[in-house]
Each structure stands twice: as structure tokens, then as C-alpha cells.
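With compact mmCIF, C-alpha atoms inside, this is work-v9.txt:
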# COMPACT_ATOMS: atom_id res chain seq x y z
CA MET A 1275 62.38 -25.87 -65.29
CA THR A 1276 65.95 -24.53 -65.34
CA PRO A 1277 67.32 -22.58 -62.36
CA ARG A 1278 67.39 -19.44 -64.49
CA LYS A 1279 63.70 -19.76 -65.39
CA LYS A 1280 62.83 -20.44 -61.75
CA SER A 1281 64.71 -17.29 -60.74
CA CYS A 1282 62.91 -15.19 -63.37
CA LYS A 1283 59.55 -16.58 -62.28
CA LYS A 1284 60.30 -15.80 -58.64
CA SER A 1285 61.33 -12.25 -59.55
CA ARG A 1286 58.10 -11.71 -61.49
CA GLU A 1287 56.07 -12.97 -58.55
CA LYS A 1288 57.85 -10.53 -56.22
CA LEU A 1289 57.23 -7.62 -58.58
CA LEU A 1290 53.54 -8.53 -58.92
CA ALA A 1291 53.20 -8.76 -55.14
CA LEU A 1292 54.91 -5.39 -54.79
CA ALA A 1293 52.59 -3.79 -57.36
CA ALA A 1294 49.50 -5.27 -55.70
CA THR A 1295 50.60 -4.07 -52.26
CA TRP A 1296 51.33 -0.58 -53.54
CA SER A 1297 47.92 -0.35 -55.25
CA ALA A 1298 46.02 -1.61 -52.21
CA THR A 1299 47.82 0.56 -49.66
CA ARG A 1300 47.59 3.72 -51.75
CA ALA A 1301 43.89 3.15 -52.32
CA LEU A 1302 43.50 2.92 -48.54
CA MET A 1303 45.50 6.12 -48.06
CA LEU A 1304 43.32 7.91 -50.60
CA TRP A 1305 40.19 6.66 -48.87
CA LEU A 1306 41.45 7.96 -45.53
CA LEU A 1307 42.11 11.30 -47.19
CA THR A 1308 38.53 11.47 -48.47
CA GLN A 1309 37.30 10.77 -44.94
CA ASP A 1310 39.52 13.44 -43.40
CA GLY A 1311 37.44 15.52 -41.01
CA ARG A 1312 34.46 13.14 -41.11
CA THR A 1313 35.65 10.34 -38.86
CA PRO A 1314 35.07 10.19 -35.08
CA LEU A 1315 38.62 8.97 -34.38
CA GLY A 1316 40.21 12.38 -34.31
CA VAL A 1317 42.01 11.95 -37.64
CA GLY A 1318 40.51 15.02 -39.27
CA GLY A 1319 42.35 18.14 -40.28
CA VAL A 1320 45.36 16.49 -41.93
CA ALA A 1321 44.40 17.89 -45.34
CA ARG A 1322 43.74 21.38 -44.01
CA GLU A 1323 47.33 22.43 -44.68
CA VAL A 1324 46.90 21.80 -48.41
CA HIS A 1325 43.39 23.24 -48.59
CA GLU A 1326 44.18 26.44 -46.73
CA LEU A 1327 47.92 27.05 -46.47
CA TYR A 1328 49.38 25.62 -49.69
CA ALA A 1329 46.50 26.95 -51.76
CA ARG A 1330 46.97 30.43 -50.27
CA TRP A 1331 50.69 30.35 -50.97
CA TYR A 1332 49.95 29.24 -54.51
CA GLY A 1333 47.92 32.40 -55.02
CA VAL A 1334 50.80 34.56 -53.77
CA LEU A 1335 53.48 32.69 -55.75
CA ALA A 1336 51.42 32.94 -58.92
CA THR A 1337 51.85 36.73 -58.74
CA GLY A 1338 55.64 36.40 -58.91
CA THR A 1339 56.51 36.91 -55.27
CA PHE A 1340 57.27 34.71 -52.28
CA PRO A 1341 55.02 35.04 -49.19
CA SER A 1342 56.90 38.00 -47.73
CA GLY A 1343 56.28 38.65 -44.06
CA ASP A 1344 54.29 35.43 -43.63
CA ARG A 1345 55.42 33.82 -40.35
CA LEU A 1346 54.35 30.41 -41.65
CA TRP A 1347 56.60 30.58 -44.73
CA GLN A 1348 59.82 28.96 -43.51
CA TYR A 1349 60.99 27.13 -46.61
CA PRO A 1350 63.85 27.70 -49.09
CA PRO A 1351 62.94 29.24 -52.47
CA GLY A 1352 62.90 25.85 -54.21
CA ALA A 1353 59.61 25.10 -52.44
CA GLY A 1354 57.95 27.71 -54.64
CA PRO A 1355 58.00 25.69 -57.91
CA VAL A 1356 56.80 22.58 -56.03
CA LEU A 1357 53.80 24.43 -54.61
CA LEU A 1358 53.10 25.94 -58.03
CA SER A 1359 53.23 22.57 -59.80
CA PRO A 1360 49.53 21.68 -59.23
CA GLY A 1361 48.76 24.46 -61.69
CA LEU A 1362 50.11 22.17 -64.41
CA LEU A 1363 46.96 20.03 -64.12
CA PRO A 1364 44.06 22.14 -65.40
CA GLY A 1365 40.55 21.01 -64.66
CA LEU A 1366 41.36 19.94 -61.11
CA THR A 1367 41.10 21.84 -57.88
CA TYR A 1368 44.39 22.74 -56.21
CA PHE A 1369 43.89 19.99 -53.65
CA GLN A 1370 43.07 17.33 -56.26
CA ALA A 1371 46.06 18.30 -58.40
CA PHE A 1372 48.40 18.36 -55.40
CA VAL A 1373 47.36 14.87 -54.26
CA THR A 1374 47.60 13.53 -57.83
CA LEU A 1375 51.16 14.81 -58.21
CA THR A 1376 52.13 13.52 -54.76
CA LEU A 1377 50.78 10.08 -55.58
CA ALA A 1378 52.61 10.13 -58.93
CA THR A 1379 55.84 11.03 -57.14
CA ASP A 1380 55.25 8.21 -54.67
CA LEU A 1381 54.91 5.82 -57.62
CA LEU A 1382 58.09 7.22 -59.16
CA VAL A 1383 60.03 6.55 -55.94
CA THR A 1384 58.65 3.00 -55.87
CA VAL A 1385 59.70 2.39 -59.48
CA VAL A 1386 63.19 3.82 -58.92
CA LEU A 1387 63.70 1.67 -55.81
CA THR A 1388 62.39 -1.38 -57.66
CA ARG A 1389 64.72 -0.88 -60.61
CA ALA A 1390 67.64 -0.41 -58.24
CA GLY A 1391 66.65 -3.57 -56.39
CA THR A 1392 66.58 -5.73 -59.49
CA ARG A 1393 70.19 -5.01 -60.44
CA PRO A 1394 72.78 -7.73 -59.81
CA GLY A 1395 73.80 -7.85 -56.17
CA ARG A 1396 70.91 -5.62 -55.10
CA SER A 1397 67.70 -6.28 -53.16
CA LEU A 1398 63.99 -5.47 -53.47
CA ARG A 1399 63.78 -4.93 -49.71
CA GLY A 1400 64.08 -1.19 -50.26
CA ALA A 1401 61.06 -1.00 -52.54
CA ALA A 1402 59.16 -3.27 -50.15
CA LEU A 1403 59.96 -1.02 -47.18
CA TRP A 1404 58.82 2.14 -48.98
CA THR A 1405 55.65 0.42 -50.19
CA ALA A 1406 54.69 -1.05 -46.82
CA ALA A 1407 56.01 1.54 -44.34
CA LEU A 1408 54.73 4.76 -45.93
CA PRO A 1409 51.06 3.83 -45.25
CA LEU A 1410 51.95 3.49 -41.56
CA LEU A 1411 51.74 7.29 -41.55
CA LEU A 1412 48.12 6.97 -42.74
CA HIS A 1413 47.21 9.72 -45.24
CA ILE A 1414 49.73 12.30 -44.00
CA PRO A 1415 52.21 11.69 -46.88
CA LEU A 1416 49.54 12.61 -49.45
CA ALA A 1417 48.81 15.92 -47.74
CA ARG A 1418 52.39 17.21 -47.44
CA TYR A 1419 55.06 17.82 -50.06
CA ASP A 1420 57.68 15.75 -48.25
CA VAL A 1421 57.23 12.87 -50.70
CA GLN A 1422 58.49 15.17 -53.47
CA VAL A 1423 61.48 16.23 -51.38
CA THR A 1424 62.28 12.63 -50.51
CA ALA A 1425 62.15 11.73 -54.20
CA PHE A 1426 65.05 14.12 -54.89
CA ALA A 1427 67.11 12.49 -52.13
CA VAL A 1428 66.32 8.94 -53.27
CA VAL A 1429 67.18 9.66 -56.90
CA SER A 1430 70.34 11.51 -55.85
CA LEU A 1431 71.68 8.56 -53.85
CA LEU A 1432 70.77 5.92 -56.42
CA ALA A 1433 72.31 8.01 -59.21
CA LEU A 1434 75.71 8.08 -57.49
CA SER A 1435 76.89 4.77 -58.96
CA ARG A 1436 76.15 5.95 -62.48
CA SER A 1437 76.66 9.70 -62.51
CA THR A 1438 78.26 11.67 -59.71
CA ARG A 1439 77.18 14.93 -61.31
CA ALA A 1440 73.54 13.83 -61.45
CA CYS A 1441 73.82 12.81 -57.79
CA GLY A 1442 75.00 16.29 -56.84
CA ALA A 1443 72.41 18.03 -58.99
CA PHE A 1444 69.46 16.14 -57.50
CA ALA A 1445 70.78 16.67 -53.98
CA ALA A 1446 70.94 20.42 -54.65
CA LEU A 1447 67.41 20.48 -56.07
CA GLY A 1448 66.13 18.75 -52.96
CA ALA A 1449 68.10 21.03 -50.64
CA LEU A 1450 66.52 24.09 -52.23
CA VAL A 1451 63.08 22.69 -51.45
CA LYS A 1452 63.88 21.56 -47.90
CA VAL A 1453 67.44 21.83 -46.66
CA TRP A 1454 67.98 18.26 -45.42
CA PRO A 1455 68.65 16.55 -48.84
CA ALA A 1456 72.06 18.27 -48.81
CA LEU A 1457 73.03 15.66 -46.22
CA THR A 1458 72.80 12.94 -48.86
CA LEU A 1459 76.28 14.03 -50.01
CA ILE A 1460 77.92 13.50 -46.60
CA GLY A 1461 78.98 9.95 -47.47
CA THR A 1462 80.33 10.31 -50.99
CA PRO A 1463 83.75 8.61 -51.31
CA ARG A 1464 86.68 10.98 -50.92
CA GLY A 1465 88.54 12.13 -54.01
CA ARG A 1466 87.17 12.63 -57.49
CA THR A 1467 83.68 11.37 -56.63
CA THR A 1468 83.19 13.92 -53.87
CA LYS A 1469 84.69 16.72 -55.93
CA GLU A 1470 82.40 16.08 -58.90
CA ALA A 1471 79.24 15.55 -56.81
CA TRP A 1472 79.75 18.56 -54.58
CA THR A 1473 80.73 20.80 -57.49
CA ALA A 1474 77.62 19.76 -59.42
CA ALA A 1475 75.51 20.48 -56.34
CA ALA A 1476 77.02 23.95 -55.90
CA VAL A 1477 76.58 24.84 -59.57
CA THR A 1478 72.99 23.56 -59.66
CA ALA A 1479 72.07 25.41 -56.48
CA GLY A 1480 73.67 28.63 -57.73
CA VAL A 1481 71.93 28.53 -61.11
CA LEU A 1482 68.54 27.74 -59.61
CA LEU A 1483 68.85 30.45 -56.95
CA LEU A 1484 69.75 33.03 -59.56
CA THR A 1485 66.82 31.94 -61.70
CA LEU A 1486 64.35 32.12 -58.83
CA ALA A 1487 65.75 35.50 -57.74
CA ALA A 1488 65.18 36.80 -61.29
CA LEU A 1489 61.63 35.41 -61.56
CA PHE A 1490 60.32 36.07 -58.02
CA ARG A 1491 60.53 38.81 -55.43
CA ASP A 1492 61.70 38.20 -51.84
CA PRO A 1493 63.08 34.66 -52.35
CA PHE A 1494 65.06 34.79 -49.08
CA ASP A 1495 62.38 36.16 -46.79
CA PHE A 1496 62.01 32.70 -45.22
CA LEU A 1497 65.24 33.30 -43.28
CA HIS A 1498 63.52 35.90 -41.12
CA GLN A 1499 60.93 33.38 -39.93
CA GLN A 1500 63.33 30.63 -38.86
CA SER A 1501 64.90 32.44 -35.94
CA GLY A 1502 61.61 32.71 -34.05
CA ARG A 1503 60.88 28.99 -33.95
CA GLY A 1504 60.38 27.56 -30.49
CA VAL A 1505 60.08 23.99 -29.19
CA GLN A 1506 57.37 21.94 -30.89
CA ILE A 1507 55.43 19.53 -28.69
CA GLU A 1508 56.52 16.54 -30.81
CA SER A 1509 60.25 17.20 -30.46
CA LEU A 1510 62.61 15.57 -27.99
CA GLY A 1511 62.71 18.79 -25.97
CA GLY A 1512 58.93 18.93 -26.16
CA THR A 1513 58.72 15.46 -24.62
CA ALA A 1514 60.89 16.63 -21.72
CA LEU A 1515 58.65 19.67 -21.20
CA SER A 1516 55.56 17.46 -21.37
CA PHE A 1517 56.92 15.42 -18.45
CA ALA A 1518 57.83 18.68 -16.70
CA HIS A 1519 54.20 19.76 -17.08
CA HIS A 1520 53.15 16.77 -14.96
CA ALA A 1521 55.70 17.84 -12.36
CA GLY A 1522 54.19 21.32 -12.07
CA TRP A 1523 55.99 23.27 -14.79
CA PRO A 1524 53.79 26.33 -15.54
CA GLY A 1525 54.35 26.50 -19.32
CA GLN A 1526 51.60 26.27 -21.93
CA VAL A 1527 51.03 24.96 -25.44
CA GLY A 1528 50.11 27.45 -28.16
CA TYR A 1529 49.89 27.71 -31.94
CA ARG A 1530 53.00 29.50 -33.21
CA TYR A 1531 54.77 29.46 -36.59
CA GLY A 1532 52.38 26.89 -38.01
CA ALA A 1533 52.80 24.34 -35.21
CA MET A 1534 51.85 23.66 -31.61
CA GLU A 1535 54.76 24.86 -29.48
CA PHE A 1536 55.56 25.18 -25.80
CA THR A 1537 55.85 28.61 -24.25
CA GLY A 1538 57.05 29.43 -20.77
CA PRO A 1539 60.13 29.20 -18.56
CA TYR A 1540 63.17 27.31 -19.83
CA VAL A 1541 61.80 26.91 -23.37
CA THR A 1542 64.50 29.18 -24.78
CA SER A 1543 67.17 27.19 -22.97
CA ILE A 1544 65.87 23.89 -24.34
CA ALA A 1545 65.80 25.37 -27.84
CA ALA A 1546 69.44 26.40 -27.37
CA VAL A 1547 70.35 22.90 -26.20
CA SER A 1548 68.68 21.44 -29.29
CA LEU A 1549 70.74 23.74 -31.50
CA ALA A 1550 73.94 22.78 -29.64
CA LEU A 1551 73.14 19.10 -30.11
CA THR A 1552 72.62 19.68 -33.82
CA VAL A 1553 76.05 21.32 -34.04
CA ALA A 1554 77.54 18.39 -32.10
CA ALA A 1555 75.87 15.93 -34.47
CA PHE A 1556 77.35 17.74 -37.44
CA GLY A 1557 80.77 17.63 -35.80
CA ALA A 1558 80.44 13.88 -35.21
CA LEU A 1559 79.59 13.36 -38.88
CA LEU A 1560 82.60 15.39 -39.98
CA LEU A 1561 84.82 13.39 -37.63
CA TRP A 1562 83.45 10.15 -39.08
CA ARG A 1563 84.19 11.38 -42.58
CA LEU A 1564 87.76 12.30 -41.66
CA ARG A 1565 88.44 8.97 -39.99
CA ALA A 1566 86.55 6.68 -42.38
CA ARG A 1567 88.87 4.24 -44.14
CA ARG A 1568 86.54 1.72 -45.70
CA TRP A 1569 83.83 2.51 -48.23
CA THR A 1570 81.32 -0.02 -49.57
CA PRO A 1571 78.65 0.61 -52.23
CA ALA A 1572 76.21 1.19 -49.36
CA THR A 1573 78.31 3.65 -47.35
CA PRO A 1574 76.86 6.80 -49.01
CA TYR A 1575 73.34 5.46 -48.36
CA ASP A 1576 74.07 4.54 -44.74
CA ALA A 1577 75.75 7.89 -44.07
CA ALA A 1578 72.79 9.81 -45.49
CA LEU A 1579 70.31 7.95 -43.27
CA SER A 1580 72.51 8.38 -40.20
CA ALA A 1581 73.00 12.09 -40.85
CA VAL A 1582 69.30 12.83 -41.32
CA LEU A 1583 68.42 10.76 -38.25
CA LEU A 1584 70.89 12.74 -36.13
CA PHE A 1585 69.57 16.06 -37.40
CA THR A 1586 65.98 14.87 -36.89
CA VAL A 1587 66.32 13.86 -33.24
CA THR A 1588 68.18 17.07 -32.37
CA SER A 1589 65.59 19.23 -34.13
CA ARG A 1590 63.20 21.53 -32.32
CA VAL A 1591 60.35 20.22 -34.45
CA ILE A 1592 60.18 16.47 -35.48
CA SER A 1593 56.88 16.79 -37.30
CA PRO A 1594 55.27 13.48 -38.37
CA GLN A 1595 56.12 14.08 -42.04
CA TYR A 1596 59.82 13.87 -41.10
CA LEU A 1597 59.26 10.11 -41.01
CA VAL A 1598 58.66 10.21 -44.77
CA TRP A 1599 62.30 11.29 -45.23
CA LEU A 1600 63.59 8.54 -42.96
CA ILE A 1601 61.53 5.83 -44.64
CA GLY A 1602 62.82 6.92 -48.05
CA LEU A 1603 66.46 6.92 -46.97
CA ALA A 1604 66.10 3.61 -45.13
CA ALA A 1605 64.59 2.16 -48.31
CA VAL A 1606 67.63 3.26 -50.31
CA CYS A 1607 69.89 1.55 -47.76
CA LEU A 1608 67.97 -1.71 -48.09
CA THR A 1609 68.48 -1.81 -51.86
CA SER A 1610 72.11 -2.71 -51.13
CA ARG A 1611 73.18 -6.03 -49.62
CA HIS A 1612 76.18 -4.22 -48.09
CA THR A 1613 74.11 -1.93 -45.87
CA THR A 1614 74.65 -1.84 -42.11
CA GLN A 1615 71.27 -0.22 -41.47
CA ARG A 1616 68.76 -3.09 -41.57
CA PRO A 1617 67.89 -2.95 -37.84
CA VAL A 1618 67.71 0.85 -38.12
CA ALA A 1619 65.13 0.54 -40.90
CA THR A 1620 63.01 -1.64 -38.61
CA LEU A 1621 63.16 1.00 -35.87
CA VAL A 1622 62.19 3.73 -38.36
CA ALA A 1623 59.15 1.74 -39.48
CA ALA A 1624 58.12 1.21 -35.85
CA ALA A 1625 58.54 4.93 -35.15
CA ALA A 1626 56.31 5.72 -38.14
CA ALA A 1627 53.55 3.48 -36.78
CA VAL A 1628 53.70 5.13 -33.34
CA SER A 1629 53.94 8.58 -34.91
CA SER A 1630 50.60 8.14 -36.69
CA LEU A 1631 49.01 7.43 -33.31
CA ALA A 1632 50.50 10.65 -31.92
CA TYR A 1633 49.26 12.54 -34.98
CA PRO A 1634 46.55 12.57 -36.04
CA VAL A 1635 44.77 9.85 -34.02
CA LEU A 1636 45.58 10.95 -30.44
CA TYR A 1637 46.86 14.44 -31.15
CA ASP A 1638 44.47 16.03 -28.65
CA ASP A 1639 46.17 14.02 -25.90
CA VAL A 1640 49.60 15.13 -27.11
CA VAL A 1641 48.54 18.80 -27.14
CA ALA A 1642 46.92 18.53 -23.71
CA CYS A 1643 50.01 16.75 -22.31
CA THR A 1644 47.93 13.92 -20.89
CA TRP A 1645 49.81 10.85 -19.68
CA THR A 1646 48.66 9.03 -22.82
CA GLY A 1647 50.04 11.73 -25.09
CA THR A 1648 53.25 12.14 -23.09
CA LEU A 1649 54.04 8.41 -23.02
CA LEU A 1650 53.18 8.10 -26.70
CA MET A 1651 55.72 10.79 -27.58
CA LEU A 1652 58.26 9.15 -25.27
CA VAL A 1653 57.93 5.89 -27.20
CA ARG A 1654 58.06 7.57 -30.64
CA ASN A 1655 61.04 9.74 -29.82
CA GLY A 1656 62.73 6.94 -27.92
CA LEU A 1657 62.57 4.80 -31.06
CA LEU A 1658 64.06 7.64 -33.11
CA VAL A 1659 66.87 8.29 -30.63
CA THR A 1660 67.67 4.59 -30.52
CA ALA A 1661 67.64 4.45 -34.32
CA ALA A 1662 69.96 7.48 -34.57
CA GLY A 1663 72.44 6.11 -32.04
CA LEU A 1664 72.46 2.64 -33.57
CA SER A 1665 72.74 4.03 -37.08
CA PHE A 1666 75.78 6.17 -36.30
CA HIS A 1667 77.43 3.39 -34.29
CA ARG A 1668 77.08 0.92 -37.16
CA LEU A 1669 78.23 3.52 -39.68
CA TRP A 1670 81.30 4.34 -37.58
CA THR A 1671 82.36 0.75 -36.91
CA ALA A 1672 81.88 -0.27 -40.54
CA ALA A 1673 83.95 2.56 -41.99
CA THR A 1674 86.62 2.83 -39.27
CA PRO A 1675 87.61 -0.77 -38.49
CA ARG A 1676 89.75 -1.39 -35.44
CA ALA A 1677 93.32 -2.54 -35.92
CA VAL A 1678 93.78 -6.29 -35.40
CA PRO A 1679 95.98 -6.95 -32.32
CA ARG A 1680 99.41 -8.42 -33.16
CA PRO A 1681 101.28 -10.97 -31.06
CA GLU A 1682 104.14 -9.59 -29.00
CA GLY A 1683 107.47 -9.45 -30.75
CA THR A 1684 106.03 -9.21 -34.28
CA GLU A 1685 106.23 -6.23 -36.58
CA PRO A 1686 103.55 -4.68 -38.79
CA PRO A 1687 103.41 -6.08 -42.34
CA SER A 1688 104.51 -2.72 -43.73
CA THR A 1689 107.83 -2.97 -41.85
CA THR A 1690 108.69 -6.57 -42.78
CA ARG A 1691 109.05 -6.10 -46.51
CA ARG A 1692 112.29 -7.66 -47.76
CA LEU A 1693 114.70 -5.85 -49.95
CA PRO A 1694 115.64 -7.57 -53.22
CA HIS A 1695 119.02 -8.87 -51.92
CA GLU A 1696 117.33 -10.24 -48.77
CA THR A 1697 114.87 -12.20 -50.91
CA VAL A 1698 117.73 -13.75 -52.91
CA ASN A 1699 119.63 -14.69 -49.72
CA ALA A 1700 116.54 -16.26 -48.24
CA ALA A 1701 116.02 -18.33 -51.38
CA ASN A 1702 119.66 -19.51 -51.35
CA THR A 1703 119.43 -20.44 -47.68
CA SER A 1704 116.34 -22.55 -48.24

Kindly transcribe the structure held in the file into C-alpha cells.
Amino acid sequence: MTPRKKSCKKSREKLLALAATWSATRALMLWLLTQDGRTPLGVGGVAREVHELYARWYGVLATGTFPSGDRLWQYPPGAGPVLLSPGLLPGLTYFQAFVTLTLATDLLVTVVLTRAGTRPGRSLRGAALWTAALPLLLHIPLARYDVQVTAFAVVSLLALSRSTRACGAFAALGALVKVWPALTLIGTPRGRTTKEAWTAAAVTAGVLLLTLAALFRDPFDFLHQQSGRGVQIESLGGTALSFAHHAGWPGQVGYRYGAMEFTGPYVTSIAAVSLALTVAAFGALLLWRLRARRWTPATPYDAALSAVLLFTVTSRVISPQYLVWLIGLAAVCLTSRHTTQRPVATLVAAAAAVSSLAYPVLYDDVVACTWTGTLLMLVRNGLLVTAAGLSFHRLWTAATPRAVPRPEGTEPPSTTRRLPHETVNAANTS
């Protein structure tokens, strides 16, 4: 057998293994979803958000208006079409149609990552990570619309090498569903590429916003609900307050704005610190972009993962579905052999596994701030903080290489260029 045939056979075997793993893991995720609320392990209630909240919003959106005045509606107007999309599958309940479309989107992401990984100089590690790591979150990805949002970000990044305008358009579509996909454009190479991608994103966002404003009432009401958000128990600040609870802090945990949040002394201050850290993270990313001197094919991917990690760990929320975003972006990084983020991807996968223990398996402990719940959140958030720090460090050092020290008495290469007459003299001397 020739080397080429051996290579083709090996590639086919990898693709078959990938397809078999995807089918088996998604069947398990679907089974867990059917058992939601029936098991004694405390994993029930994951699907309640689709059954009750998404379905209720669907009824409101179907009348041509966004959920005005609803404290739980905190999403940009692009989320409306996504939550209306299950209506495209007649004959199914809203829940069945939603899960079907989410699973189809999951398959689409897998196919896109696989095609990217089979190109010359690329790797199938990205598709393998998405296939194997997403089930670590149990059935949560099938009961949230974060898979759809992640799909926009994945397609945006992978489209960059072929069409900068398509990259910008998909990033804008994702940003109008949940804001974070806008960060996928932070690492586009300076010059024409950035200009075209960012212009396409601005035009796409403007057109879609105008369209939604014409078709629906109150498309920007979600802005009123964001300012009241507190500190969710799963956030980094929430972990600090959970430890403070064991030290006698008198605060409590309550259901607010669709999540379990801390209330009590110092909560407002911690929320302000989180916001300040987010601003600082954005400043660090801008500084990296200004000082970056070396771009590889993987730099836009690595920058997107680093940016979303930084914004995740400084968030006041860090819900478990945020890990879906990170797994998707880490998978895009691993499609390139030039990526600097391989150890970061490992940390993200580990954080996803721990996160599923925190929610839904041991969520009662997390809510009650028991030592089990507190330590569990410390491990999960510690992994995410480590991943964010390592990711940005590797991004910075790869794009802003240090100058090589020169021996004393030598001059930089740029100052030792000979003039034409000096070259002639040197040749005559030799």
C-alpha cells in the first residue's frame, strides 16, 4: 500500500471514529434530557428553562413584540428569531422542536470543524474536542440556545481565511443574539482584513437591527434589565461571598433576574469590582492588539478564545452554559497547528467537567453554600482563571516577541546596511 493510500485510510478511520463518538455521546445527552426531573441525583430541572421560559417568550414574540418589562429578558434583539425558530418545525412541541434544532446546530458545528481540520496543514483535534468535551456538560447544551450562538462564532472565525466579509457578518449575527461573539473580531490582522471584517459586521448589525425594529415592538427593552443584575453564586465574586458566608457574612442567596444571586452587604461593591475587572480586561486586549507584531493563521482564533475567557472570568454570572462558548472557541483553535492554546483547551475541558458537578448534580450544595458546594466552585472558577491567565500570556508572548539581545559593540541590522559605493569598495578590498 502506498503512503498516500495509507494516509487516506487513516483519515477515513479518524472520521468514522469521530462520527461514532458524536452519535454515541449525543444519544447519551438526549437520554439524560428525557430523564430530566426523574433521577434521584439532583439533575432535574435543566429543561425547565425551555419548557417554561423559552416557550412563554415564544408566545410573546409571535405577537410581534419583545417581552417588554420582563425582568428575565436580558438578551439582544437577535435572540428573538432564534427563539422563534422552533415554529419552523410543525407537528412538534416547542420543546421537541427546540432540541431538534439545537442538535442539528451541534452537528453543523461538528461538520464545519471537521472540514476545517481536513485541510492541508490543519488538524482534526478541534472537531474531536467539540465532540468529546460538549457532553461533559451533560444535557445542558441541548436545553439552552448557546450552541446556536457558538455556531455563529465558530463559522465566523473559520470563514476568515476565505472571506473577511463573511467573517464579519457571522460575528455580527452572533453578537445580536448574545453580545460575546463580537469578540471574535479582536484578533483580525491589522489593515485591509480588519477594515473589511469590521465594516461587514457593522453593516450586518445595522441592517438586522433596523429589520427587527420594523418587525417587532420594544426591541431594546432588554437594556433596562441588565443594570439590575447582581452577583450570581457561580461567579468568581460569588465564590468569594460563599467563603465569606462560612466566616459569618450575613448575606443570603435568592432568585433574582432568572438566576440564584447573593444579596446583602458588599454585594454591590463586588459587582462594581467585577465591572472594573472587565474594563481592565478589555484594556489589556486593546494593548495587546496595539503591540502585536506577529500574526499566524491561528492568531485570530487564539485572540478570540483569550478575549472570551477574560470576559467570562470577570463576569458577574459565569453560568454553566458559558462553557459551551469556550469549548467551541477552543475547538477552533485546535484546528490550526499554529495555535498557542492547546494547554488552555485542556483546562477548559476540565472546567466543563467540574461545572456539570456544580450544576446540575450538586447545585443544592452550591446554593446552600455548603463546604462541598463552595470548594466545587473554587475548583471550577480556579480552572477558568488559570485558563484565562495562561491564554492571555501565551497570546501576548506569541504576538509580541522579545528583542534578541545583541553583543556589546554591535549595531542593529537596520543600521549596518552598506551604501552602493561601500559595497564596491569592500569587494575591491577582498

Considering all atoms listed in the file, can you say which of A:Leu1489, A:Ala1673, A:Leu1398, A:Ala1572 comes closest to A:Lys1288?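 Ranked by minimum distance to A:Lys1288, first place goes to A:Leu1398.
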
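Remark: for A:Tyr1328, the closest of the candidate residues A:Leu1559, A:Val1553, A:Leu1357, A:Val1421 is A:Leu1357 (distances computed over all atoms listed in the file).
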
Extract, using all atoms listed in the file, all DNA, RNA and protein residues at most 12 Å from A:Asp1492, discarding same-chain residues fewer than 4 positions from it, and format them as a ChimeraX atom specification. /A:1334-1335,1338-1344,1347,1350-1351,1354,1483,1486-1488,1496-1498

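Proximity of A:Gly1663, A:Pro1634, A:Pro1493, A:Pro1574 to A:Pro1617, computed with all atoms listed in the file, is greatest for A:Gly1663.
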
Counting only C-alpha atoms, I want the residues whose atoms come within 12 Å of (64.5, 8.6, -48.1) in the file frame, returned as a compact mmCIF listing (two decimals) with C-alpha atoms, in the frame of the given file.
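Contents of point-v7.txt, as written:
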# COMPACT_ATOMS: atom_id res chain seq x y z
CA ASP A 1380 55.25 8.21 -54.67
CA VAL A 1383 60.03 6.55 -55.94
CA THR A 1384 58.65 3.00 -55.87
CA VAL A 1386 63.19 3.82 -58.92
CA LEU A 1387 63.70 1.67 -55.81
CA GLY A 1400 64.08 -1.19 -50.26
CA ALA A 1401 61.06 -1.00 -52.54
CA LEU A 1403 59.96 -1.02 -47.18
CA TRP A 1404 58.82 2.14 -48.98
CA ALA A 1407 56.01 1.54 -44.34
CA LEU A 1408 54.73 4.76 -45.93
CA ASP A 1420 57.68 15.75 -48.25
CA VAL A 1421 57.23 12.87 -50.70
CA GLN A 1422 58.49 15.17 -53.47
CA VAL A 1423 61.48 16.23 -51.38
CA THR A 1424 62.28 12.63 -50.51
CA ALA A 1425 62.15 11.73 -54.20
CA PHE A 1426 65.05 14.12 -54.89
CA ALA A 1427 67.11 12.49 -52.13
CA VAL A 1428 66.32 8.94 -53.27
CA VAL A 1429 67.18 9.66 -56.90
CA SER A 1430 70.34 11.51 -55.85
CA LEU A 1431 71.68 8.56 -53.85
CA LEU A 1432 70.77 5.92 -56.42
CA ALA A 1445 70.78 16.67 -53.98
CA GLY A 1448 66.13 18.75 -52.96
CA TRP A 1454 67.98 18.26 -45.42
CA PRO A 1455 68.65 16.55 -48.84
CA LEU A 1457 73.03 15.66 -46.22
CA THR A 1458 72.80 12.94 -48.86
CA TYR A 1575 73.34 5.46 -48.36
CA ASP A 1576 74.07 4.54 -44.74
CA ALA A 1577 75.75 7.89 -44.07
CA ALA A 1578 72.79 9.81 -45.49
CA LEU A 1579 70.31 7.95 -43.27
CA SER A 1580 72.51 8.38 -40.20
CA ALA A 1581 73.00 12.09 -40.85
CA VAL A 1582 69.30 12.83 -41.32
CA LEU A 1583 68.42 10.76 -38.25
CA GLN A 1595 56.12 14.08 -42.04
CA TYR A 1596 59.82 13.87 -41.10
CA LEU A 1597 59.26 10.11 -41.01
CA VAL A 1598 58.66 10.21 -44.77
CA TRP A 1599 62.30 11.29 -45.23
CA LEU A 1600 63.59 8.54 -42.96
CA ILE A 1601 61.53 5.83 -44.64
CA GLY A 1602 62.82 6.92 -48.05
CA LEU A 1603 66.46 6.92 -46.97
CA ALA A 1604 66.10 3.61 -45.13
CA ALA A 1605 64.59 2.16 -48.31
CA VAL A 1606 67.63 3.26 -50.31
CA CYS A 1607 69.89 1.55 -47.76
CA LEU A 1608 67.97 -1.71 -48.09
CA THR A 1609 68.48 -1.81 -51.86
CA ALA A 1619 65.13 0.54 -40.90
CA VAL A 1622 62.19 3.73 -38.36

One decimal, Å: what's the distance from atom CA of A:Gly1352 over to atom CA of A:Leu1327, could you say?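 Pair atom CA of A:Gly1352 / atom CA of A:Leu1327 returns 16.9 Å.
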
Would you pick out the contacts of stretch 1650-1655 of chain A at 8 Å or less, using only C-alpha atoms, so that residues sharing its chain but fewer than 4 positions from it are not included, and give the list as a list in words?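 Selected residues are Glu1508, Ser1509, Leu1510, Thr1513, Val1587, Ala1625, Ala1626, Val1628, Ser1629, Leu1631, Ala1632, Val1640, Thr1646 and Val1659 of chain A.
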
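Proximity ranking of A:Arg1563, A:Gln1526, A:Phe1585, A:Thr1388 relative to A:Ala1456 places A:Phe1585 first, based on only C-alpha atoms.
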
Can you measure atom CA of A:Thr1438 to atom CA of A:Ala1471 for me? One decimal in Å is fine. 4.9 Å

Nearest to A:Ile1592 among A:Leu1482, A:Leu1658, A:Ala1545, A:Val1618, with distances taken over only C-alpha atoms: which residue is it? A:Leu1658

Residue with smallest distance to A:Gly1461 - pool A:Ser1397, A:Thr1573, A:Thr1542, A:Ser1610, counting only C-alpha atoms: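 Going through A:Ser1397, A:Thr1573, A:Thr1542, A:Ser1610 one by one, the smallest distance to A:Gly1461 is for A:Thr1573.
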
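What separates atom CA of A:His1413 from atom CA of A:Leu1307 is a distance of 5.7 Å.
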